[in-house]
file work_28.txt (compact mmCIF, C-alpha atoms)
# COMPACT_ATOMS: atom_id res chain seq x y z
CA MET A 1 15.38 -36.33 -65.00
CA GLY A 2 12.32 -37.48 -66.94
CA ASP A 3 11.54 -40.77 -68.59
CA ALA A 4 13.74 -41.85 -71.50
CA GLU A 5 11.15 -40.88 -74.11
CA ASP A 6 10.77 -37.42 -72.52
CA THR A 7 14.49 -36.80 -72.18
CA ASN A 8 16.09 -34.44 -74.69
CA TRP A 9 19.54 -35.02 -76.09
CA PHE A 10 21.20 -32.78 -73.52
CA GLU A 11 19.62 -34.50 -70.53
CA GLU A 12 20.34 -37.87 -72.04
CA ALA A 13 24.01 -37.02 -72.44
CA VAL A 14 24.25 -36.04 -68.78
CA GLU A 15 22.41 -39.16 -67.66
CA ASN A 16 24.66 -41.43 -69.73
CA ALA A 17 27.79 -39.77 -68.36
CA LEU A 18 26.76 -40.28 -64.76
CA SER A 19 27.00 -43.99 -64.03
CA THR A 20 26.19 -43.21 -60.39
CA ASP A 21 23.63 -40.72 -59.15
CA PRO A 22 25.83 -38.00 -57.55
CA GLU A 23 23.15 -37.28 -54.97
CA ASP A 24 23.93 -40.70 -53.48
CA VAL A 25 27.68 -40.22 -53.28
CA VAL A 26 28.30 -36.52 -52.77
CA ALA A 27 28.47 -35.36 -49.19
CA ASP A 28 30.56 -32.19 -49.30
CA ALA A 29 32.18 -29.66 -51.60
CA ASP A 30 35.37 -31.67 -52.00
CA GLU A 31 33.42 -34.72 -53.14
CA ILE A 32 31.45 -32.57 -55.60
CA ALA A 33 34.75 -31.41 -57.11
CA ASP A 34 35.95 -35.02 -57.34
CA VAL A 35 32.74 -36.14 -59.09
CA VAL A 36 32.85 -33.25 -61.57
CA PHE A 37 36.47 -34.03 -62.42
CA GLU A 38 35.78 -37.76 -62.73
CA TYR A 39 32.76 -37.46 -65.01
CA SER A 40 33.69 -34.45 -67.15
CA ASP A 41 35.48 -36.56 -69.79
CA GLU A 42 32.52 -38.94 -69.95
CA LEU A 43 30.13 -36.04 -70.49
CA LEU A 44 32.29 -34.57 -73.24
CA ALA A 45 32.36 -38.00 -74.89
CA GLU A 46 28.56 -38.10 -74.74
CA TYR A 47 28.40 -34.67 -76.34
CA ALA A 48 30.63 -35.95 -79.14
CA VAL A 49 28.21 -38.84 -79.73
CA LYS A 50 25.23 -36.47 -79.90
CA TYR A 51 27.02 -33.88 -82.06
CA PRO A 52 26.20 -35.20 -85.59
CA SER A 53 22.48 -35.68 -85.08
CA VAL A 54 22.07 -32.48 -83.07
CA MET A 55 23.83 -30.42 -85.73
CA ASP A 56 21.79 -32.06 -88.51
CA ASP A 57 18.59 -31.21 -86.66
CA GLU A 58 19.76 -27.65 -86.04
CA SER A 59 20.67 -27.20 -89.71
CA ALA A 60 17.27 -28.49 -90.83
CA THR A 61 15.48 -26.21 -88.37
CA ARG A 62 17.50 -23.19 -89.47
CA GLU A 63 17.00 -23.88 -93.17
CA GLY A 64 13.27 -24.34 -92.69
CA PHE A 65 12.98 -21.12 -90.72
CA GLU A 66 14.99 -19.09 -93.23
CA THR A 67 12.95 -20.48 -96.13
CA ARG A 68 9.74 -19.31 -94.47
CA LEU A 69 11.32 -16.01 -93.47
CA HIS A 70 12.49 -15.27 -97.00
CA HIS A 71 9.15 -16.31 -98.45
CA ARG A 72 7.58 -13.51 -96.44
CA TRP A 73 10.32 -10.87 -96.40
CA GLY A 74 12.32 -11.79 -99.51
CA LYS A 75 11.27 -8.82 -101.65
CA ALA A 76 12.18 -6.38 -98.91
CA PHE A 77 15.50 -8.11 -98.24
CA ASP A 78 16.35 -8.04 -101.94
CA ASN A 79 15.45 -4.36 -102.23
CA LEU A 80 17.73 -3.57 -99.32
CA GLU A 81 20.54 -5.58 -100.86
CA PHE A 82 20.17 -3.76 -104.20
CA PHE A 83 20.19 -0.44 -102.37
CA ILE A 84 23.47 -1.34 -100.65
CA LEU A 85 24.98 -2.46 -103.95
CA LEU A 86 23.89 0.81 -105.57
CA ASN A 87 25.61 2.85 -102.87
CA HIS A 88 28.73 0.70 -103.07
CA GLU A 89 28.94 1.15 -106.84
CA ALA A 90 28.34 4.89 -106.53
CA GLY A 91 31.30 5.25 -104.17
CA SER A 92 33.53 2.92 -106.16
CA THR A 93 32.77 4.63 -109.49
CA PHE A 94 33.19 8.08 -107.97
CA LYS A 95 36.62 7.12 -106.69
CA GLN A 96 37.63 5.72 -110.07
CA HIS A 97 36.60 8.97 -111.80
CA LEU A 98 38.68 11.02 -109.38
CA ILE A 99 41.67 8.78 -110.07
CA GLU A 100 41.21 9.05 -113.83
CA ASP A 101 40.91 12.85 -113.59
CA ASP A 102 44.05 12.93 -111.42
CA GLU A 103 42.10 14.59 -108.62
CA LEU A 104 42.71 12.05 -105.87
CA SER A 105 45.86 12.29 -103.80
CA ASP A 106 47.10 9.88 -101.14
CA THR A 107 47.70 12.91 -98.92
CA ASP A 108 44.18 14.36 -99.34
CA PRO A 109 42.63 14.01 -95.86
CA LEU A 110 39.10 14.90 -96.97
CA TYR A 111 38.67 12.12 -99.50
CA SER A 112 40.77 9.72 -97.44
CA ALA A 113 38.35 10.10 -94.54
CA LEU A 114 35.17 10.11 -96.62
CA PHE A 115 36.06 7.11 -98.77
CA ARG A 116 37.01 5.11 -95.69
CA LEU A 117 33.79 6.07 -93.93
CA HIS A 118 31.78 5.21 -97.03
CA ALA A 119 33.43 1.81 -97.37
CA ARG A 120 32.77 1.11 -93.72
CA ALA A 121 29.14 2.22 -94.09
CA CYS A 122 28.65 -0.23 -96.95
CA GLN A 123 30.16 -3.05 -94.91
CA VAL A 124 28.05 -2.30 -91.83
CA SER A 125 24.94 -2.11 -94.02
CA ARG A 126 25.75 -5.58 -95.33
CA GLU A 127 26.10 -6.77 -91.74
CA VAL A 128 22.61 -5.42 -91.02
CA LEU A 129 21.31 -7.25 -94.09
CA ALA A 130 23.00 -10.51 -93.07
CA LEU A 131 21.47 -10.32 -89.61
CA ILE A 132 17.92 -9.65 -90.75
CA ARG A 133 18.17 -12.34 -93.45
CA ALA A 134 18.97 -14.74 -90.59
CA GLY A 135 16.15 -13.43 -88.39
CA TYR A 136 18.08 -11.26 -85.90
CA ALA A 137 16.32 -7.91 -85.64
CA ASP A 138 17.98 -6.82 -82.39
CA GLY A 139 21.45 -7.59 -83.69
CA ALA A 140 20.68 -5.72 -86.90
CA PHE A 141 19.60 -2.61 -85.02
CA SER A 142 22.72 -2.74 -82.88
CA ARG A 143 24.79 -2.59 -86.07
CA TRP A 144 22.68 0.35 -87.30
CA ARG A 145 23.89 2.16 -84.19
CA ALA A 146 27.41 2.10 -85.66
CA LEU A 147 26.07 3.25 -89.04
CA TYR A 148 24.47 6.28 -87.41
CA GLU A 149 27.81 7.31 -85.91
CA ILE A 150 29.51 6.83 -89.27
CA ALA A 151 26.86 8.98 -90.96
CA ILE A 152 27.15 11.92 -88.58
CA SER A 153 30.95 11.82 -88.85
CA ALA A 154 30.82 11.72 -92.66
CA GLN A 155 28.31 14.57 -92.88
CA PHE A 156 30.28 16.68 -90.40
CA ILE A 157 33.57 16.16 -92.22
CA SER A 158 31.96 16.85 -95.59
CA LYS A 159 30.48 20.08 -94.23
CA HIS A 160 33.64 21.42 -92.59
CA GLY A 161 36.37 20.24 -94.95
CA ALA A 162 39.95 19.02 -95.06
CA ASP A 163 41.18 20.34 -91.70
CA THR A 164 38.35 18.54 -89.91
CA ALA A 165 39.06 15.38 -91.90
CA GLU A 166 42.72 15.53 -90.93
CA ARG A 167 41.85 15.79 -87.24
CA PHE A 168 39.42 12.89 -87.62
CA LEU A 169 42.12 10.65 -89.11
CA HIS A 170 44.67 11.69 -86.49
CA HIS A 171 42.23 10.93 -83.68
CA LYS A 172 43.19 7.26 -84.00
CA ILE A 173 46.25 8.19 -81.96
CA VAL A 174 44.00 9.08 -79.01
CA ASP A 175 42.15 5.77 -79.27
CA ASP A 176 45.44 3.90 -79.56
CA TYR A 177 46.70 5.48 -76.35
CA PHE A 178 43.65 4.83 -74.18
CA GLU A 179 43.24 1.27 -75.46
CA ALA A 180 46.92 0.57 -74.81
CA ARG A 181 46.61 1.91 -71.26
CA LEU A 182 43.60 -0.32 -70.66
CA LEU A 183 45.39 -3.37 -71.97
CA GLN A 184 48.37 -2.65 -69.73
CA GLU A 185 46.04 -2.84 -66.71
CA HIS A 186 44.66 -6.27 -67.57
CA TYR A 187 47.17 -8.14 -69.73
CA GLU A 188 48.21 -10.49 -66.92
CA GLU A 189 44.62 -11.58 -66.22
CA LEU A 190 44.06 -12.05 -69.95
CA GLY A 191 47.23 -14.04 -70.41
CA ILE A 192 48.44 -11.92 -73.30
CA GLU A 193 51.59 -9.96 -74.02
CA SER A 194 51.80 -6.40 -72.79
CA PHE A 195 53.29 -3.43 -74.56
CA SER A 196 56.95 -2.90 -73.75
CA ASP A 197 58.05 0.26 -71.97
CA GLU A 198 59.55 1.48 -75.24
CA GLU A 199 56.28 0.86 -77.10
CA MET A 200 54.23 2.68 -74.46
CA ASP A 201 56.68 5.59 -74.51
CA ALA A 202 56.30 5.83 -78.29
CA ILE A 203 52.49 5.80 -78.02
CA GLU A 204 52.57 8.49 -75.33
CA ASP A 205 54.96 10.61 -77.41
CA ARG A 206 52.61 10.45 -80.39
CA LEU A 207 49.70 11.46 -78.17
CA GLU A 208 51.61 14.41 -76.69
CA GLN A 209 52.61 15.62 -80.14
CA ILE A 210 49.05 15.47 -81.47
CA VAL A 211 47.61 17.17 -78.37
CA ASP A 212 50.24 19.92 -78.67
CA LYS A 213 49.06 20.42 -82.25
CA TYR A 214 45.29 20.34 -81.69
CA GLY A 215 44.79 21.21 -78.01
CA GLY A 216 43.68 19.38 -74.88
CA ALA A 217 40.06 19.00 -76.03
CA PHE A 218 41.32 16.71 -78.78
CA LYS A 219 41.62 13.88 -76.22
CA GLN A 220 37.83 13.68 -75.83
CA SER A 221 35.79 11.00 -77.58
CA TYR A 222 34.77 13.35 -80.41
CA GLY A 223 37.73 15.64 -79.82
CA TRP A 224 38.49 15.80 -83.53
CA ALA A 225 35.40 18.05 -83.87
CA HIS A 226 36.23 20.44 -81.03
CA VAL A 227 37.29 23.37 -83.23
CA GLU A 228 33.91 23.64 -84.96
CA LEU A 229 31.94 22.96 -81.77
CA ASP A 230 33.63 25.46 -79.44
CA GLU A 231 35.37 22.68 -77.50
CA ASN A 232 32.07 20.94 -76.75
CA PRO A 233 32.51 17.84 -78.93
CA SER A 234 30.24 14.85 -78.50
CA ARG A 235 28.20 12.51 -80.63
CA ARG A 236 25.12 14.59 -79.98
CA THR A 237 26.68 17.97 -80.79
CA VAL A 238 28.18 16.55 -84.00
CA ALA A 239 24.74 15.21 -84.93
CA GLU A 240 23.08 18.54 -84.13
CA ASP A 241 25.57 20.38 -86.32
CA VAL A 242 24.58 18.34 -89.38
CA GLY A 243 20.87 18.04 -88.59
CA LEU A 244 20.84 14.33 -87.78
CA ASP A 245 20.15 14.61 -84.05
CA LYS A 246 16.48 13.74 -84.70
CA TYR A 247 17.70 10.13 -84.81
CA GLU A 248 19.11 10.30 -81.27
CA PRO A 249 16.02 8.60 -79.75
CA TYR A 250 16.57 5.66 -82.08
CA PHE A 251 20.27 5.62 -81.24
CA ALA A 252 19.29 5.34 -77.57
CA PHE A 253 16.87 2.53 -78.39
CA ALA A 254 19.50 0.74 -80.47
CA SER A 255 21.91 1.10 -77.57
CA ASP A 256 19.53 -0.97 -75.44
CA THR A 257 20.14 -3.89 -77.80
CA VAL A 258 23.90 -3.52 -77.29
CA HIS A 259 24.14 -3.09 -73.54
CA GLY A 260 23.30 -5.60 -70.83
CA GLY A 261 20.74 -3.43 -69.06
CA ALA A 262 17.13 -4.05 -68.12
CA LYS A 263 15.50 -2.44 -71.17
CA GLY A 264 17.40 -4.54 -73.68
CA THR A 265 16.75 -7.63 -71.58
CA LEU A 266 13.01 -7.14 -71.08
CA TYR A 267 12.20 -5.77 -74.55
CA ARG A 268 13.33 -7.51 -77.74
CA MET A 269 12.59 -6.14 -81.19
CA GLY A 270 12.09 -9.62 -82.58
CA LEU A 271 9.07 -10.28 -80.36
CA THR A 272 5.52 -9.03 -80.82
CA PRO A 273 4.01 -6.74 -78.14
CA ASN A 274 1.90 -9.55 -76.71
CA THR A 275 4.83 -11.96 -76.45
CA GLN A 276 7.35 -9.65 -74.76
CA THR A 277 6.52 -11.01 -71.32
CA GLU A 278 5.72 -14.55 -72.45
CA VAL A 279 8.71 -15.49 -74.59
CA MET A 280 12.46 -15.29 -74.09
CA ALA A 281 13.99 -15.24 -77.55
CA THR A 282 17.18 -17.31 -77.80
CA GLY A 283 17.44 -17.36 -81.57
CA PRO A 284 15.97 -15.86 -84.73
CA THR A 285 12.42 -14.52 -85.07
CA ASN A 286 10.33 -13.44 -88.05
CA THR A 287 9.55 -9.84 -87.12
CA GLY A 288 11.19 -6.57 -86.03
CA PHE A 289 13.18 -5.89 -89.21
CA THR A 290 11.49 -2.70 -90.37
CA ASP A 291 13.32 -0.21 -88.16
CA PRO A 292 16.82 -1.65 -88.70
CA ALA A 293 16.32 -1.78 -92.46
CA GLN A 294 14.68 1.61 -92.86
CA PHE A 295 17.17 3.48 -90.73
CA THR A 296 20.00 1.67 -92.50
CA VAL A 297 18.97 2.98 -95.92
CA LEU A 298 18.61 6.50 -94.51
CA MET A 299 22.07 6.55 -92.92
CA LEU A 300 23.80 4.88 -95.86
CA ALA A 301 22.23 7.45 -98.20
CA ASP A 302 23.56 10.23 -95.94
CA VAL A 303 27.08 8.80 -96.07
CA THR A 304 26.94 8.51 -99.87
CA GLU A 305 25.66 12.07 -100.13
CA ALA A 306 28.49 13.31 -97.89
CA LEU A 307 30.96 11.73 -100.31
CA LEU A 308 29.48 12.54 -103.71
CA LEU A 309 28.45 16.13 -103.15
CA ASN A 310 32.04 17.20 -102.55
CA ARG A 311 32.30 17.44 -106.32
CA GLU A 312 29.87 19.88 -107.92
CA GLU A 313 28.88 18.00 -111.05
CA VAL A 314 25.46 17.13 -112.42
CA THR A 315 26.36 13.43 -112.62
CA TRP A 316 27.10 13.01 -108.93
CA SER A 317 24.25 15.24 -107.83
CA LEU A 318 21.93 13.08 -109.93
CA VAL A 319 23.32 9.86 -108.44
CA SER A 320 22.97 11.20 -104.90
CA THR A 321 19.39 12.30 -105.54
CA SER A 322 18.50 8.91 -107.05
CA VAL A 323 19.91 7.16 -104.00
CA ILE A 324 17.83 9.35 -101.69
CA ASN A 325 14.70 8.77 -103.78
CA LEU A 326 15.21 5.01 -103.73
CA THR A 327 15.16 5.04 -99.93
CA HIS A 328 11.40 5.64 -100.10
CA GLU A 329 10.81 2.47 -102.11
CA VAL A 330 12.87 0.30 -99.77
CA ILE A 331 11.17 1.80 -96.72
CA ALA A 332 7.72 1.27 -98.25
CA THR A 333 8.44 -2.40 -99.01
CA PHE A 334 9.35 -3.15 -95.42
CA ASP A 335 6.32 -1.19 -94.17
CA ASP A 336 3.93 -3.14 -96.39
CA ILE A 337 5.20 -6.51 -95.19
CA ARG A 338 5.24 -5.36 -91.57
CA LYS A 339 1.59 -4.30 -91.77
CA GLN A 340 0.60 -7.60 -93.37
CA LEU A 341 2.43 -9.55 -90.67
CA GLU A 342 0.88 -7.46 -87.89
CA ALA A 343 -2.59 -8.19 -89.28
CA GLU A 344 -1.83 -11.93 -89.35
CA ILE A 345 -0.49 -11.79 -85.80
CA ALA A 346 -3.61 -10.01 -84.57
CA MET A 347 -5.79 -12.64 -86.22
CA ALA A 348 -3.69 -15.49 -84.85
CA GLU A 349 -3.75 -14.10 -81.32
CA GLY A 350 -7.52 -13.84 -81.57
CA LYS A 351 -7.58 -17.55 -82.28
CA GLY A 352 -5.30 -18.35 -79.37
CA TYR A 353 -1.97 -19.11 -81.05
CA THR A 354 1.20 -17.17 -81.89
CA ILE A 355 3.06 -16.41 -85.10
CA GLY A 356 6.80 -16.00 -84.63
CA GLY A 357 10.01 -17.72 -83.73
CA ARG A 358 11.72 -20.50 -85.59
CA ASN A 359 9.42 -23.45 -84.95
call {"tool": "encode", "arguments": {"input": "work_28.txt", "output": "structure tokens"}}
result
Amino acid sequence: MGDAEDTNWFEEAVENALSTDPEDVVADADEIADVVFEYSDELLAEYAVKYPSVMDDESATREGFETRLHHRWGKAFDNLEFFILLNHEAGSTFKQHLIEDDELSDTDPLYSALFRLHARACQVSREVLALIRAGYADGAFSRWRALYEIAISAQFISKHGADTAERFLHHKIVDDYFEARLLQEHYEELGIESFSDEEMDAIEDRLEQIVDKYGGAFKQSYGWAHVELDENPSRRTVAEDVGLDKYEPYFAFASDTVHGGAKGTLYRMGLTPNTQTEVMATGPTNTGFTDPAQFTVLMLADVTEALLLNREEVTWSLVSTSVINLTHEVIATFDDIRKQLEAEIAMAEGKGYTIGGRN
């Protein structure tokens, strides 16, 4: 421990909780356990004392960071938000028109699947926006990963029609079964209630019925697409079928931000190239938002197109085209700010200091 003036709140809490230096009293593992048990309540009490001031400081730091972040990126963030709102309204209005024209049925699998995918795409896009507004580029790109999968599913279903949509919706039964089996293996360790034998039998019966209907390939991860893909269904083959597989390299890169592997640990989107080996980001940063935002507008536009172009009318073709055209403006805004920031970073590094982080 350092001197009192050098001690941060966390160290101070630990020091205050320990009335005796444990190094002087602990001789073996049993005594360590006794000391930990004895002092744990004192340490928690010290945390409680520190809580108000620590949280006030954290709030002030966060608000200051977000103010600076939005001063730089605000126009781009706002453009992205408007783009999401535009897509949401397009889907909502399209649905209302179908209802008014008595062309939307609760039993229509095509529109049931596409409207649900579109709603989910809008929500995920808002999650991306929320994360970049808070300074979390890596988290935003991890959410884009889900948006990419939504987009390829929507485009594939739109291309192949109602039978494909029906299989997509029924594929939930496969997921239900495998997730239930997994839970049954670990419920005791988790301390949660298991499925009863009757419930598992019912889940298995539903799976058998659906596999009898669609074939054994239906049990695969993208098994709902096996008919169109000659029983070779996968994310990649679905993407290839609708011409979106060019984004697979970015999906792989986004996957690094999700998984706990070396690449996602050693490379963070929110850090500049020269700080990747110098800084370990534990919170928000002020860079890295361009890819998550740009790929979000592209995928959301694809989902909206998959929905709207199922009705051959000038109105919806016009709306879809306007959405696609607007992607260029949003992309350009993020690019402009990124280039400006990169120039400032280069200048700052030449002077021996770093731009970035929340300080």
call {"tool": "atom_distance", "arguments": {"input": "work_28.txt", "atom1": "atom CA of A:Gly270", "atom2": "atom CA of A:Lys246"}}
result
23.9 Å
call {"tool": "atom_distance", "arguments": {"input": "work_28.txt", "atom1": "atom CA of A:Leu86", "atom2": "atom CA of A:Val323"}}
result
7.7 Å
call {"tool": "atom_distance", "arguments": {"input": "work_28.txt", "atom1": "atom CA of A:Pro249", "atom2": "atom CA of A:Arg143"}}
result
15.6 Å
call {"tool": "residues_around", "arguments": {"input": "work_28.txt", "residues": "stretch 41-53 of chain A", "least_positions_apart": "4", "cutoff": "8 Å", "atoms": "all atoms listed in the file", "output": "count of residues only"}}
result
9
call {"tool": "residues_near_point", "arguments": {"input": "work_28.txt", "point": "(20.0, -3.8, -79.9)", "cutoff": "10 Å", "atoms": "only C-alpha atoms", "output": "PyMOL selection string"}}
result
chain A and resi 136-145+251-260+263-265+267-269+292
call {"tool": "residues_around", "arguments": {"input": "work_28.txt", "residues": "A:Gly74", "least_positions_apart": "4", "cutoff": "12 Å", "atoms": "all atoms listed in the file", "output": "VMD selection string"}}
result
chain A and resid 66 to 70 78 to 81 129 132 to 135 286 289 333 to 334 337
call {"tool": "closest_residue", "arguments": {"input": "work_28.txt", "among": "A:Ser59, A:Asn310, A:Ser125, A:Thr315", "to": "A:Thr93", "atoms": "all atoms listed in the file"}}
result
A:Thr315
call {"tool": "residues_around", "arguments": {"input": "work_28.txt", "residues": "A:Cys122", "least_positions_apart": "3", "cutoff": "7 Å", "atoms": "all atoms listed in the file", "output": "ChimeraX atom specification"}}
result
/A:84,88,118-119,125-126
call {"tool": "closest_residue", "arguments": {"input": "work_28.txt", "among": "A:Val128, A:Ala293, A:Ile150, A:Ala180", "to": "A:Asp335", "atoms": "all atoms listed in the file"}}
result
A:Ala293
call {"tool": "residues_near_point", "arguments": {"input": "work_28.txt", "point": "(29.6, 12.6, -101.9)", "cutoff": "9 Å", "atoms": "only C-alpha atoms", "output": "number ranges by chain"}}
result
A: 91, 94, 114, 158, 302-311, 316-317, 320
call {"tool": "closest_residue", "arguments": {"input": "work_28.txt", "among": "A:His170, A:Lys159, A:Lys339, A:His226", "to": "A:Gly243", "atoms": "all atoms listed in the file"}}
result
A:Lys159
call {"tool": "closest_residue", "arguments": {"input": "work_28.txt", "among": "A:Phe218, A:Phe295, A:Trp73, A:Phe178", "to": "A:Asp230", "atoms": "all atoms listed in the file"}}
result
A:Phe218
call {"tool": "residues_around", "arguments": {"input": "work_28.txt", "residues": "stretch 110-112 of chain A", "least_positions_apart": "4", "cutoff": "7 Å", "atoms": "all atoms listed in the file", "output": "list in words"}}
result
Arg116, Gly161, Ala162 and Ala165 of chain A
call {"tool": "write_last_selection", "arguments": {"input": "work_28.txt", "atoms": "C-alpha atoms", "output": "short mmCIF file (atom, residue, chain, number, x, y, z; two decimals), in the frame of the given file"}}
result
data_model
loop_
_atom_site.label_atom_id
_atom_site.label_comp_id
_atom_site.auth_asym_id
_atom_site.auth_seq_id
_atom_site.Cartn_x
_atom_site.Cartn_y
_atom_site.Cartn_z
CA ARG A 116 37.01 5.11 -95.69
CA GLY A 161 36.37 20.24 -94.95
CA ALA A 162 39.95 19.02 -95.06
CA ALA A 165 39.06 15.38 -91.90
#
call {"tool": "closest_residue", "arguments": {"input": "work_28.txt", "among": "A:Thr296, A:Leu183, A:Ala217, A:Gln340", "to": "A:Ala121", "atoms": "all atoms listed in the file"}}
result
A:Thr296
call {"tool": "closest_residue", "arguments": {"input": "work_28.txt", "among": "A:Ser194, A:Thr107, A:Asn87, A:Thr282", "to": "A:Arg181", "atoms": "only C-alpha atoms"}}
result
A:Ser194
call {"tool": "axis_aligned_box", "arguments": {"input": "work_28.txt", "around": "stretch 61-76 of chain A", "padding_each_side": "4 Å", "output": "lines of an AutoDock Vina configuration file"}}
result
center_x = 12.5
center_y = -16.3
center_z = -95.0
size_x = 17.9
size_y = 27.8
size_z = 21.3
call {"tool": "decode", "arguments": {"input": "work_28.txt", "residues": "stretch 114-121 of chain A", "atoms": "all heavy atoms", "output": "compact mmCIF listing (two decimals), in the first residue's frame"}}
result
# COMPACT_ATOMS: atom_id res chain seq x y z
N LEU A 114 -41.17 -11.84 -41.97
CA LEU A 114 -40.47 -10.62 -42.39
C LEU A 114 -40.73 -9.45 -41.46
O LEU A 114 -39.82 -8.66 -41.18
CB LEU A 114 -40.86 -10.27 -43.83
CG LEU A 114 -40.32 -11.21 -44.91
CD1 LEU A 114 -40.83 -10.80 -46.28
CD2 LEU A 114 -38.79 -11.25 -44.89
N PHE A 115 -41.95 -9.31 -40.98
CA PHE A 115 -42.24 -8.21 -40.04
C PHE A 115 -41.49 -8.42 -38.72
O PHE A 115 -40.98 -7.47 -38.13
CB PHE A 115 -43.73 -8.08 -39.79
CG PHE A 115 -44.44 -7.23 -40.82
CD1 PHE A 115 -45.47 -7.75 -41.59
CD2 PHE A 115 -44.07 -5.91 -41.02
CE1 PHE A 115 -46.12 -6.98 -42.54
CE2 PHE A 115 -44.71 -5.12 -41.96
CZ PHE A 115 -45.73 -5.66 -42.74
N ARG A 116 -41.43 -9.66 -38.26
CA ARG A 116 -40.70 -9.93 -37.03
C ARG A 116 -39.20 -9.68 -37.20
O ARG A 116 -38.54 -9.12 -36.32
CB ARG A 116 -40.95 -11.37 -36.57
CG ARG A 116 -42.37 -11.60 -36.06
CD ARG A 116 -42.61 -13.06 -35.71
NE ARG A 116 -43.99 -13.30 -35.30
CZ ARG A 116 -44.46 -13.10 -34.09
NH1 ARG A 116 -43.65 -12.68 -33.13
NH2 ARG A 116 -45.73 -13.34 -33.80
N LEU A 117 -38.66 -10.09 -38.33
CA LEU A 117 -37.25 -9.84 -38.59
C LEU A 117 -36.97 -8.34 -38.72
O LEU A 117 -35.94 -7.84 -38.25
CB LEU A 117 -36.80 -10.57 -39.86
CG LEU A 117 -36.62 -12.09 -39.72
CD1 LEU A 117 -36.52 -12.75 -41.09
CD2 LEU A 117 -35.38 -12.41 -38.88
N HIS A 118 -37.89 -7.63 -39.35
CA HIS A 118 -37.70 -6.18 -39.51
C HIS A 118 -37.76 -5.48 -38.16
O HIS A 118 -36.94 -4.58 -37.87
CB HIS A 118 -38.76 -5.60 -40.45
CG HIS A 118 -38.51 -4.18 -40.82
ND1 HIS A 118 -39.11 -3.12 -40.16
CD2 HIS A 118 -37.69 -3.62 -41.75
CE1 HIS A 118 -38.69 -1.99 -40.69
NE2 HIS A 118 -37.83 -2.25 -41.65
N ALA A 119 -38.70 -5.86 -37.33
CA ALA A 119 -38.80 -5.26 -35.99
C ALA A 119 -37.53 -5.54 -35.20
O ALA A 119 -36.98 -4.65 -34.52
CB ALA A 119 -40.02 -5.82 -35.25
N ARG A 120 -37.04 -6.76 -35.29
CA ARG A 120 -35.82 -7.11 -34.57
C ARG A 120 -34.62 -6.33 -35.11
O ARG A 120 -33.76 -5.89 -34.35
CB ARG A 120 -35.57 -8.61 -34.69
CG ARG A 120 -34.45 -9.12 -33.81
CD ARG A 120 -34.26 -10.61 -33.96
NE ARG A 120 -33.10 -11.06 -33.18
CZ ARG A 120 -32.50 -12.22 -33.36
NH1 ARG A 120 -32.95 -13.07 -34.27
NH2 ARG A 120 -31.45 -12.55 -32.62
N ALA A 121 -34.57 -6.15 -36.43
CA ALA A 121 -33.48 -5.39 -37.03
C ALA A 121 -33.48 -3.95 -36.54
O ALA A 121 -32.41 -3.37 -36.27
CB ALA A 121 -33.58 -5.44 -38.55
